[in-house]
There are 2 protein chains.
Amino acid sequence: MTTTTGSTAPEESSDELPAGLGDDFGWLLARAVRAYLGAAADVTEDLPGGLRGHQLLRAVARGCPATQLALASALGFDRTVVTYLVDDLEKAGLVERLLDPADRRVRQVSATAAGRKRLAALDRRLAKVQEQVLAGLSTEEVDGLTAALRAIACTATRAAQPDDAC
Amino acid sequence: MTTTTGSTAPEESSDELPAGLGDDFGWLLARAVRAYLGAAADVTEDLPGGLRGHQLLRAVARGCPATQLALASALGFDRTVVTYLVDDLEKAGLVERLLDPADRRVRQVSATAAGRKRLAALDRRLAKVQEQVLAGLSTEEVDGLTAALRAIACTATRAAQPDDAC
DNA sequence: TATTGTTATACTCTATAACTATA
DNA sequence: TATAGTTATAGAGTATAACAATA
């Protein structure tokens with residue numbers, strides 16, 4: 001576990017970055033998020049809830065946790081945020097709340113046909129955004145990045161909620 | 001450039017993640033940032049400006065761009081944010097504004113002795129946070145991740161400002 | 001007129017707490 | 001009493017625009 005600098009790849013990157021920031025993990029992460037957010041801005045601008053709306057729609061379309069509380073914990077959102085997101089996505093006709101006959105407190109959220117169609121279009125456009133943001137990386141770097149991010153997400157998800165996740 | 005799933009590392013990660021999110025680059029990034037932010041929260045809670053304060057302090061301590069506008073562009077912050085950050089860090093005695101005799105409009109920001117000392121302590125604690133967040137990763141994965149993030153940051157920085165960066 | 005920096009304002013996101021309804 | 005969901009409110013973070021000082 002190297003804490004600061006990577007040992008295998010010094011390459012030409014560092015001299016392009018502002019001094020002192022190339023080895024600041026937090027800044028690098030934040031910068032990457034900003035880059036992605038910026039590039040994805042016009043893809044999701046007309047989608048209720050923006051990128052988070054897309055993420056919720058995606059989770060729901062895979063037929064996953066379904067109840068709003070389960071969605072909140074799976075996605076890592078606050079449960080009130082889920083209410084707002086589902087509100088807006090429902091108004092747009094992309095998801096619907098189904099009453100659970102077994103427990104009338106819970107709402108099963110599911111994607112509508114329109115929601116699935118919209119999701120497919122979004123995924124297509126966001127794949128392009130991803131390509132654009134990762135344009136400077138080799139195929140191996142992209143694979144490594146994705147694997148590493150998944151591992152981080154796993155650790156974080158497991159820490160937040162011992163069981164489940166679909 | 002693989003747009004969706006990584007081809008080399010299927011491993012055990014994916015079944016731990018909520019369905020439909022393991023291959024959502026935006027969600028993975030956001031999740032990683034949340035994990036880091038959460039883990040770093042109590043390290044930076046008493047630092048003016050939080051993590052951004054640390055980043056500005058770090059950039060300044062390396063004797064880098066110096067003027068507030070240059071800092072804003074290097075860090076990717078809004079210039080008004082830099083004003084607030086420098087205000088707060090200056091009140092805390094960690095940085096100081098020096099008048100430039102050559103151009104009396106600009107302020108050269110530099111770290112004080114106390115600022116450098118504080119930065120060293122922060123860096124030490126944040127290295128531990130980083131270790132904690134990256135606990136699930138192998139050394140190779142950490143190196144790969146850092147290299148990939150640097151490449152993304154480079155692309156983003158270059159897009160935002162053709163020249164400079166120290 | 002253009003640039004650096006500041007201030008005031010507003011807006012978006014997110015979290016907190018209080019509430020309803022079910023169990 | 002505890003849980004799912006909603007609503008209201010407030011807070012942090014951020015951006016916009018107007019401003020002062022200097023070039």
# chains A, B, ... in the order shown; residues from 1 in each chain; ligands from 1

$ residues_around --residues "DG5 in chain D" --least-positions-apart "2" --cutoff "10 Å" --atoms "only C-alpha atoms (C1' of nucleotides)" --output "number ranges by chain"
A: 68-69, 79-80, 82-83, 105-107; C: 20-21; D: 3, 7

$ write_last_selection --atoms "C-alpha atoms (C1' of nucleotides)" --output "mmCIF file, in the first residue's frame"
data_model
loop_
_atom_site.group_PDB
_atom_site.id
_atom_site.type_symbol
_atom_site.label_atom_id
_atom_site.label_comp_id
_atom_site.auth_asym_id
_atom_site.auth_seq_id
_atom_site.Cartn_x
_atom_site.Cartn_y
_atom_site.Cartn_z
ATOM 1 C CA GLN A 68 -36.964 3.725 -1.354
ATOM 2 C CA LEU A 69 -34.995 3.003 1.790
ATOM 3 C CA ARG A 79 -33.537 8.883 2.106
ATOM 4 C CA THR A 80 -35.059 12.358 1.728
ATOM 5 C CA VAL A 82 -34.605 9.595 -2.787
ATOM 6 C CA THR A 83 -38.059 10.994 -2.116
ATOM 7 C CA ARG A 105 -45.755 1.498 4.387
ATOM 8 C CA VAL A 106 -43.303 0.756 1.607
ATOM 9 C CA ARG A 107 -43.292 1.906 -2.010
ATOM 10 C "C1'" DT C 20 -47.948 10.898 9.007
ATOM 11 C "C1'" DA C 21 -49.005 6.209 8.152
ATOM 12 C "C1'" DT D 3 -40.111 1.588 10.518
ATOM 13 C "C1'" DT D 7 -42.440 17.576 4.314
#

$ calpha_fit_and_write --fixed "chain B" --moving "chain A" --output "tab-separated table (two decimals) with C-alpha atoms, in the first residue's frame"
chain	number	residue	atom	x	y	z
A	1	MET	CA	-10.86	2.62	-25.09
A	2	THR	CA	-13.44	0.31	-23.52
A	3	THR	CA	-16.49	2.37	-22.77
A	4	THR	CA	-18.29	0.21	-20.29
A	5	THR	CA	-16.86	-2.82	-18.53
A	6	GLY	CA	-13.22	-3.52	-17.84
A	7	SER	CA	-12.09	-6.63	-19.63
A	8	THR	CA	-9.18	-7.76	-17.50
A	9	ALA	CA	-10.57	-7.83	-13.96
A	10	PRO	CA	-14.03	-9.31	-13.37
A	11	GLU	CA	-13.17	-10.48	-9.83
A	12	GLU	CA	-15.48	-10.57	-6.81
A	13	SER	CA	-16.24	-6.87	-6.72
A	14	SER	CA	-19.35	-6.66	-8.85
A	15	ASP	CA	-21.67	-8.82	-6.79
A	16	GLU	CA	-21.10	-6.57	-3.78
A	17	LEU	CA	-22.34	-3.49	-5.60
A	18	PRO	CA	-25.96	-2.50	-6.21
A	19	ALA	CA	-27.19	-3.71	-9.59
A	20	GLY	CA	-26.58	-1.43	-12.53
A	21	LEU	CA	-24.10	0.75	-10.69
A	22	GLY	CA	-20.89	-1.24	-10.93
A	23	ASP	CA	-20.37	-0.08	-14.49
A	24	ASP	CA	-21.62	3.46	-14.00
A	25	PHE	CA	-18.44	5.52	-14.09
A	26	GLY	CA	-20.10	8.62	-12.68
A	27	TRP	CA	-21.56	6.80	-9.74
A	28	LEU	CA	-18.30	4.98	-9.00
A	29	LEU	CA	-16.43	8.29	-8.99
A	30	ALA	CA	-19.01	10.00	-6.81
A	31	ARG	CA	-18.98	7.06	-4.41
A	32	ALA	CA	-15.21	7.19	-4.11
A	33	VAL	CA	-15.32	10.92	-3.41
A	34	ARG	CA	-17.98	10.45	-0.76
A	35	ALA	CA	-15.91	7.72	0.86
A	36	TYR	CA	-12.83	9.95	0.91
A	37	LEU	CA	-14.77	12.98	2.11
A	38	GLY	CA	-16.34	10.98	4.90
A	39	ALA	CA	-13.05	9.49	6.02
A	40	ALA	CA	-11.30	12.87	5.88
A	41	ALA	CA	-14.09	14.76	7.62
A	42	ASP	CA	-12.63	14.84	11.11
A	43	VAL	CA	-9.11	15.53	9.84
A	44	THR	CA	-10.13	18.75	8.13
A	45	GLU	CA	-13.09	19.81	10.27
A	46	ASP	CA	-11.09	22.43	12.17
A	47	LEU	CA	-9.24	23.63	9.08
A	48	PRO	CA	-10.68	26.75	7.44
A	49	GLY	CA	-12.10	25.74	4.08
A	50	GLY	CA	-11.90	22.03	4.82
A	51	LEU	CA	-10.30	19.88	2.13
A	52	ARG	CA	-10.19	22.76	-0.31
A	53	GLY	CA	-8.34	24.77	2.28
A	54	HIS	CA	-5.81	21.98	2.47
A	55	GLN	CA	-5.45	21.88	-1.30
A	56	LEU	CA	-4.90	25.61	-1.55
A	57	LEU	CA	-2.46	25.56	1.34
A	58	ARG	CA	-0.59	22.73	-0.33
A	59	ALA	CA	-0.38	24.46	-3.70
A	60	VAL	CA	0.82	27.65	-2.07
A	61	ALA	CA	3.38	25.91	0.14
A	62	ARG	CA	5.08	24.51	-2.96
A	63	GLY	CA	5.74	28.09	-3.99
A	64	CYS	CA	3.65	27.73	-7.09
A	65	PRO	CA	1.36	30.10	-9.01
A	66	ALA	CA	0.92	32.59	-6.14
A	67	THR	CA	-1.62	35.10	-7.47
A	68	GLN	CA	-5.18	34.34	-6.55
A	69	LEU	CA	-6.34	34.13	-10.14
A	70	ALA	CA	-3.53	31.75	-11.02
A	71	LEU	CA	-4.43	29.65	-7.98
A	72	ALA	CA	-8.07	29.56	-9.05
A	73	SER	CA	-7.22	28.33	-12.51
A	74	ALA	CA	-4.62	25.84	-11.30
A	75	LEU	CA	-6.89	24.37	-8.64
A	76	GLY	CA	-10.02	24.56	-10.74
A	77	PHE	CA	-11.82	26.69	-8.14
A	78	ASP	CA	-13.91	29.76	-8.81
A	79	ARG	CA	-11.95	32.96	-8.17
A	80	THR	CA	-14.49	34.09	-5.55
A	81	VAL	CA	-13.97	30.80	-3.73
A	82	VAL	CA	-10.25	31.54	-3.62
A	83	THR	CA	-10.98	34.88	-1.99
A	84	TYR	CA	-13.01	33.19	0.73
A	85	LEU	CA	-10.45	30.44	1.25
A	86	VAL	CA	-7.54	32.85	1.48
A	87	ASP	CA	-9.58	35.06	3.82
A	88	ASP	CA	-10.18	32.21	6.22
A	89	LEU	CA	-6.70	30.73	5.98
A	90	GLU	CA	-5.20	34.17	6.54
A	91	LYS	CA	-7.35	34.74	9.61
A	92	ALA	CA	-6.06	31.43	10.93
A	93	GLY	CA	-2.51	32.62	10.31
A	94	LEU	CA	-1.72	29.86	7.82
A	95	VAL	CA	-1.19	31.99	4.70
A	96	GLU	CA	-0.55	35.66	4.00
A	97	ARG	CA	-1.26	38.06	1.18
A	98	LEU	CA	1.81	39.90	-0.09
A	99	LEU	CA	1.49	42.97	-2.24
A	100	ASP	CA	3.27	42.76	-5.55
A	101	PRO	CA	5.23	46.00	-6.08
A	102	ALA	CA	5.23	45.44	-9.86
A	103	ASP	CA	1.44	45.27	-10.13
A	104	ARG	CA	-0.51	46.60	-7.21
A	105	ARG	CA	-3.69	44.83	-8.28
A	106	VAL	CA	-2.41	41.34	-7.55
A	107	ARG	CA	-1.88	39.58	-4.23
A	108	GLN	CA	0.87	37.01	-3.94
A	109	VAL	CA	-0.33	34.33	-1.55
A	110	SER	CA	2.27	32.48	0.46
A	111	ALA	CA	2.26	30.02	3.33
A	112	THR	CA	3.40	31.14	6.76
A	113	ALA	CA	5.65	29.02	8.97
A	114	ALA	CA	2.57	28.00	10.91
A	115	GLY	CA	0.90	27.11	7.63
A	116	ARG	CA	3.74	24.84	6.60
A	117	LYS	CA	3.73	23.13	9.95
A	118	ARG	CA	-0.01	22.63	9.83
A	119	LEU	CA	0.26	21.33	6.28
A	120	ALA	CA	2.80	18.71	7.30
A	121	ALA	CA	0.49	17.47	10.04
A	122	LEU	CA	-2.47	17.42	7.67
A	123	ASP	CA	-0.54	15.52	5.03
A	124	ARG	CA	0.43	12.94	7.58
A	125	ARG	CA	-3.14	12.38	8.70
A	126	LEU	CA	-4.56	12.45	5.18
A	127	ALA	CA	-2.08	9.80	4.07
A	128	LYS	CA	-3.70	7.55	6.68
A	129	VAL	CA	-7.15	8.44	5.37
A	130	GLN	CA	-6.02	7.55	1.89
A	131	GLU	CA	-4.69	4.22	3.10
A	132	GLN	CA	-8.00	3.53	4.76
A	133	VAL	CA	-10.05	4.35	1.67
A	134	LEU	CA	-7.74	2.30	-0.55
A	135	ALA	CA	-7.56	-0.58	1.90
A	136	GLY	CA	-9.25	-3.00	-0.48
A	137	LEU	CA	-6.76	-2.40	-3.29
A	138	SER	CA	-3.49	-4.08	-4.16
A	139	THR	CA	-0.33	-2.00	-4.58
A	140	GLU	CA	-0.61	-2.31	-8.34
A	141	GLU	CA	-4.22	-1.16	-8.26
A	142	VAL	CA	-3.27	1.86	-6.16
A	143	ASP	CA	-0.50	2.79	-8.57
A	144	GLY	CA	-2.80	2.32	-11.54
A	145	LEU	CA	-5.52	4.39	-9.95
A	146	THR	CA	-3.19	7.26	-9.14
A	147	ALA	CA	-1.72	7.25	-12.64
A	148	ALA	CA	-5.16	7.20	-14.21
A	149	LEU	CA	-6.43	10.02	-12.02
A	150	ARG	CA	-3.37	12.08	-12.87
A	151	ALA	CA	-3.98	11.56	-16.56
A	152	ILE	CA	-7.60	12.66	-16.18
A	153	ALA	CA	-6.56	15.70	-14.18
A	154	CYS	CA	-4.02	16.57	-16.86
A	155	THR	CA	-6.60	16.36	-19.63
A	156	ALA	CA	-9.03	18.45	-17.61
A	157	THR	CA	-6.43	21.03	-16.63
A	158	ARG	CA	-5.17	21.34	-20.17
A	159	ALA	CA	-8.73	21.78	-21.46
A	160	ALA	CA	-9.43	24.52	-18.92
A	161	GLN	CA	-6.24	26.51	-19.47
A	162	PRO	CA	-3.97	26.04	-22.51
A	163	ASP	CA	-0.69	27.02	-20.86
A	164	ASP	CA	0.85	27.23	-17.36
A	165	ALA	CA	0.15	25.08	-14.29
A	166	CYS	CA	3.36	26.15	-12.56

$ select_by_dssp --residues "range 67-165 of chain B" --states "strand (DSSP E)" --output "list of chain:residue names"
B:Val95, B:Glu96, B:Arg97, B:Leu98, B:Leu99, B:Arg107, B:Gln108, B:Val109, B:Ser110, B:Ala111

$ write_last_selection --atoms "all heavy atoms" --output "CSV table (one decimal), in the first residue's frame"
chain,number,residue,atom,x,y,z
B,95,VAL,N,-1.7,31.4,5.9
B,95,VAL,CA,-1.2,32.0,4.7
B,95,VAL,C,-1.2,33.5,4.9
B,95,VAL,O,-1.8,34.1,5.8
B,95,VAL,CB,-2.0,31.7,3.5
B,95,VAL,CG1,-2.1,30.2,3.3
B,95,VAL,CG2,-3.4,32.3,3.5
B,96,GLU,N,-0.5,34.2,4.0
B,96,GLU,CA,-0.5,35.7,4.0
B,96,GLU,C,-0.6,36.2,2.6
B,96,GLU,O,-0.1,35.6,1.7
B,96,GLU,CB,0.7,36.2,4.8
B,96,GLU,CG,2.0,35.7,4.3
B,96,GLU,CD,3.2,36.1,5.2
B,96,GLU,OE1,2.9,36.9,6.1
B,96,GLU,OE2,4.3,35.6,5.0
B,97,ARG,N,-1.2,37.4,2.5
B,97,ARG,CA,-1.2,38.1,1.2
B,97,ARG,C,-0.1,39.1,1.1
B,97,ARG,O,0.0,40.0,2.0
B,97,ARG,CB,-2.5,38.8,1.0
B,97,ARG,CG,-3.8,38.0,0.8
B,97,ARG,CD,-5.0,38.9,0.7
B,97,ARG,NE,-6.2,38.3,0.1
B,97,ARG,CZ,-7.2,37.8,0.9
B,97,ARG,NH1,-7.1,37.8,2.2
B,97,ARG,NH2,-8.2,37.3,0.3
B,98,LEU,N,0.8,39.0,0.1
B,98,LEU,CA,1.9,39.9,-0.1
B,98,LEU,C,1.6,40.8,-1.3
B,98,LEU,O,1.1,40.3,-2.3
B,98,LEU,CB,3.2,39.2,-0.3
B,98,LEU,CG,3.5,38.2,0.9
B,98,LEU,CD1,4.8,37.4,0.5
B,98,LEU,CD2,3.8,39.0,2.2
B,99,LEU,N,1.8,42.1,-1.1
B,99,LEU,CA,1.6,43.0,-2.2
B,99,LEU,C,2.7,42.9,-3.2
B,99,LEU,O,3.9,42.8,-2.8
B,99,LEU,CB,1.5,44.4,-1.7
B,99,LEU,CG,0.3,44.7,-0.8
B,99,LEU,CD1,0.4,46.0,-0.1
B,99,LEU,CD2,-1.0,44.6,-1.6
B,107,ARG,N,-2.3,40.0,-5.5
B,107,ARG,CA,-1.8,39.6,-4.2
B,107,ARG,C,-1.1,38.3,-4.4
B,107,ARG,O,-1.6,37.3,-4.9
B,107,ARG,CB,-3.0,39.4,-3.2
B,107,ARG,CG,-4.0,40.6,-3.2
B,107,ARG,CD,-3.3,41.8,-2.5
B,107,ARG,NE,-3.7,43.0,-3.1
B,107,ARG,CZ,-4.7,43.7,-2.8
B,107,ARG,NH1,-5.5,43.3,-1.8
B,107,ARG,NH2,-5.0,44.9,-3.4
B,108,GLN,N,0.2,38.3,-3.9
B,108,GLN,CA,0.9,37.0,-3.9
B,108,GLN,C,0.6,36.3,-2.6
B,108,GLN,O,0.9,36.8,-1.5
B,108,GLN,CB,2.4,37.3,-4.0
B,108,GLN,CG,2.8,38.0,-5.3
B,108,GLN,CD,2.7,37.1,-6.5
B,108,GLN,OE1,2.8,35.9,-6.4
B,108,GLN,NE2,2.6,37.7,-7.7
B,109,VAL,N,0.0,35.1,-2.7
B,109,VAL,CA,-0.3,34.4,-1.5
B,109,VAL,C,0.8,33.4,-1.2
B,109,VAL,O,1.4,32.7,-2.0
B,109,VAL,CB,-1.6,33.5,-1.7
B,109,VAL,CG1,-2.0,32.8,-0.5
B,109,VAL,CG2,-2.7,34.4,-2.2
B,110,SER,N,1.2,33.4,0.1
B,110,SER,CA,2.3,32.5,0.5
B,110,SER,C,2.0,31.9,1.8
B,110,SER,O,1.2,32.5,2.6
B,110,SER,CB,3.6,33.2,0.5
B,110,SER,OG,3.8,34.0,1.7
B,111,ALA,N,2.5,30.7,2.1
B,111,ALA,CA,2.3,30.0,3.3
B,111,ALA,C,3.2,30.6,4.5
B,111,ALA,O,4.3,30.9,4.2
B,111,ALA,CB,2.5,28.5,3.2

$ residues_around --residues "DA2 in chain D" --least-positions-apart "2" --cutoff "12 Å" --atoms "only C-alpha atoms (C1' of nucleotides)" --output "list in words"
DT22 and DA23 of chain C; DA4 of chain D

$ write_last_selection --atoms "N, CA and C atoms (P, O5', C5', C4', C3', O3' and C1' of nucleotides)" --output "short mmCIF file (atom, residue, chain, number, x, y, z; two decimals), in the first residue's frame"
data_model
loop_
_atom_site.label_atom_id
_atom_site.label_comp_id
_atom_site.auth_asym_id
_atom_site.auth_seq_id
_atom_site.Cartn_x
_atom_site.Cartn_y
_atom_site.Cartn_z
P DT C 22 -51.77 4.37 6.04
"O5'" DT C 22 -51.65 3.07 6.94
"C5'" DT C 22 -50.99 2.00 6.34
"C4'" DT C 22 -49.73 1.61 7.09
"C3'" DT C 22 -49.85 0.27 7.79
"O3'" DT C 22 -49.42 -0.74 6.93
"C1'" DT C 22 -48.44 1.82 8.93
P DA C 23 -49.84 -2.23 7.26
"O5'" DA C 23 -48.81 -2.65 8.40
"C5'" DA C 23 -47.44 -2.76 8.07
"C4'" DA C 23 -46.61 -2.96 9.32
"C3'" DA C 23 -47.04 -4.17 10.14
"O3'" DA C 23 -46.21 -5.26 9.81
"C1'" DA C 23 -46.46 -2.27 11.49
P DA D 4 -37.72 0.47 7.23
"O5'" DA D 4 -38.89 1.29 6.52
"C5'" DA D 4 -39.95 0.58 5.90
"C4'" DA D 4 -40.78 1.50 5.04
"C3'" DA D 4 -39.97 2.36 4.07
"O3'" DA D 4 -40.60 2.35 2.79
"C1'" DA D 4 -41.19 3.76 5.56
#

$ interface_residues --of "chain C" --to "chain B" --cutoff "9 Å" --atoms "only C-alpha atoms (C1' of nucleotides)" --output "list in words"
DT3, DT4, DG5 and DT6 of chain C

$ residues_around --residues "DA18 in chain D" --least-positions-apart "2" --cutoff "10 Å" --atoms "only C-alpha atoms (C1' of nucleotides)" --output "PDB file with N, CA, C and O atoms (P, O5', C5', C4', C3', O3' and C1' of nucleotides), in the first residue's frame"
ATOM      1  P    DT C   7     -14.022  42.243   1.062  1.00  0.00           P
ATOM      2  O5'  DT C   7     -15.544  42.334   0.566  1.00  0.00           O
ATOM      3  C5'  DT C   7     -16.067  43.596   0.160  1.00  0.00           C
ATOM      4  C4'  DT C   7     -17.418  43.408  -0.513  1.00  0.00           C
ATOM      5  C3'  DT C   7     -18.471  42.676   0.324  1.00  0.00           C
ATOM      6  O3'  DT C   7     -19.522  43.599   0.602  1.00  0.00           O
ATOM      7  C1'  DT C   7     -18.455  41.938  -1.930  1.00  0.00           C
ATOM      8  P    DA C   8     -20.657  43.228   1.630  1.00  0.00           P
ATOM      9  O5'  DA C   8     -21.885  42.957   0.640  1.00  0.00           O
ATOM     10  C5'  DA C   8     -22.021  43.731  -0.546  1.00  0.00           C
ATOM     11  C4'  DA C   8     -23.181  43.209  -1.382  1.00  0.00           C
ATOM     12  C3'  DA C   8     -24.289  42.514  -0.592  1.00  0.00           C
ATOM     13  O3'  DA C   8     -25.535  42.860  -1.173  1.00  0.00           O
ATOM     14  C1'  DA C   8     -23.413  41.018  -2.176  1.00  0.00           C
ATOM     15  P    DT C   9     -26.916  42.374  -0.508  1.00  0.00           P
ATOM     16  O5'  DT C   9     -27.401  41.250  -1.521  1.00  0.00           O
ATOM     17  C5'  DT C   9     -27.343  41.504  -2.929  1.00  0.00           C
ATOM     18  C4'  DT C   9     -27.591  40.213  -3.689  1.00  0.00           C
ATOM     19  C3'  DT C   9     -28.693  39.332  -3.076  1.00  0.00           C
ATOM     20  O3'  DT C   9     -29.770  39.257  -3.993  1.00  0.00           O
ATOM     21  C1'  DT C   9     -26.778  38.064  -3.710  1.00  0.00           C
TER      22       DT C   9
ATOM     23  P    DT D  16     -22.002  30.891 -13.111  1.00  0.00           P
ATOM     24  O5'  DT D  16     -22.670  32.280 -12.738  1.00  0.00           O
ATOM     25  C5'  DT D  16     -24.023  32.296 -12.283  1.00  0.00           C
ATOM     26  C4'  DT D  16     -24.471  33.726 -12.045  1.00  0.00           C
ATOM     27  C3'  DT D  16     -23.867  34.737 -13.017  1.00  0.00           C
ATOM     28  O3'  DT D  16     -24.915  35.535 -13.552  1.00  0.00           O
ATOM     29  C1'  DT D  16     -23.405  35.372 -10.761  1.00  0.00           C
TER      30       DT D  16
END

$ atom_distance --atom1 "C1' of DT6 in chain D" --atom2 "C1' of DT16 in chain C"
13.8 Å

$ atom_distance --atom1 "C1' of DA10 in chain C" --atom2 "C1' of DT22 in chain D"
29.0 Å

$ residues_around --residues "DG13 in chain D" --least-positions-apart "4" --cutoff "10 Å" --atoms "only C-alpha atoms (C1' of nucleotides)" --output "list of chain:residue names"
B:Val81, C:DT12, C:DC13, C:DT14

$ write_last_selection --atoms "all heavy atoms" --output "compact mmCIF listing (two decimals), in the first residue's frame"
# COMPACT_ATOMS: atom_id res chain seq x y z
N VAL B 81 -14.22 31.91 -4.73
CA VAL B 81 -13.94 30.89 -3.71
C VAL B 81 -12.54 31.07 -3.16
O VAL B 81 -12.32 30.96 -1.95
CB VAL B 81 -14.11 29.47 -4.31
CG1 VAL B 81 -13.63 28.41 -3.34
CG2 VAL B 81 -15.56 29.23 -4.67
P DT C 12 -31.55 26.88 -8.85
OP1 DT C 12 -31.91 26.85 -10.28
OP2 DT C 12 -32.61 26.94 -7.82
O5' DT C 12 -30.64 25.62 -8.52
C5' DT C 12 -29.26 25.65 -8.90
C4' DT C 12 -28.47 24.71 -8.01
O4' DT C 12 -28.21 25.33 -6.73
C3' DT C 12 -29.19 23.39 -7.71
O3' DT C 12 -28.29 22.32 -7.97
C2' DT C 12 -29.53 23.50 -6.21
C1' DT C 12 -28.41 24.37 -5.70
N1 DT C 12 -28.67 25.10 -4.45
C2 DT C 12 -27.76 25.01 -3.41
O2 DT C 12 -26.74 24.35 -3.48
N3 DT C 12 -28.09 25.74 -2.28
C4 DT C 12 -29.22 26.51 -2.11
O4 DT C 12 -29.40 27.10 -1.05
C5 DT C 12 -30.13 26.55 -3.22
C7 DT C 12 -31.39 27.36 -3.13
C6 DT C 12 -29.81 25.86 -4.33
P DC C 13 -28.81 20.82 -8.16
OP1 DC C 13 -28.43 20.37 -9.50
OP2 DC C 13 -30.23 20.78 -7.74
O5' DC C 13 -27.96 20.03 -7.07
C5' DC C 13 -27.19 20.80 -6.21
C4' DC C 13 -26.61 20.12 -5.05
O4' DC C 13 -26.79 21.03 -3.94
C3' DC C 13 -27.19 18.78 -4.61
O3' DC C 13 -26.11 17.96 -4.19
C2' DC C 13 -28.14 19.17 -3.47
C1' DC C 13 -27.48 20.40 -2.88
N1 DC C 13 -28.42 21.39 -2.29
C2 DC C 13 -28.08 21.98 -1.04
O2 DC C 13 -27.01 21.65 -0.50
N3 DC C 13 -28.92 22.88 -0.50
C4 DC C 13 -30.06 23.21 -1.13
N4 DC C 13 -30.86 24.10 -0.54
C5 DC C 13 -30.41 22.63 -2.38
C6 DC C 13 -29.56 21.73 -2.92
P DT C 14 -26.36 16.42 -3.88
OP1 DT C 14 -25.13 15.68 -4.22
OP2 DT C 14 -27.66 16.03 -4.45
O5' DT C 14 -26.48 16.44 -2.29
C5' DT C 14 -25.48 17.11 -1.52
C4' DT C 14 -25.96 17.30 -0.10
O4' DT C 14 -26.92 18.37 -0.04
C3' DT C 14 -26.65 16.09 0.49
O3' DT C 14 -25.78 15.49 1.44
C2' DT C 14 -27.93 16.64 1.14
C1' DT C 14 -27.74 18.13 1.07
N1 DT C 14 -29.00 18.91 0.85
C2 DT C 14 -29.40 19.82 1.80
O2 DT C 14 -28.76 20.03 2.82
N3 DT C 14 -30.56 20.49 1.50
C4 DT C 14 -31.35 20.31 0.38
O4 DT C 14 -32.39 20.96 0.23
C5 DT C 14 -30.88 19.33 -0.57
C7 DT C 14 -31.67 19.06 -1.83
C6 DT C 14 -29.74 18.68 -0.29
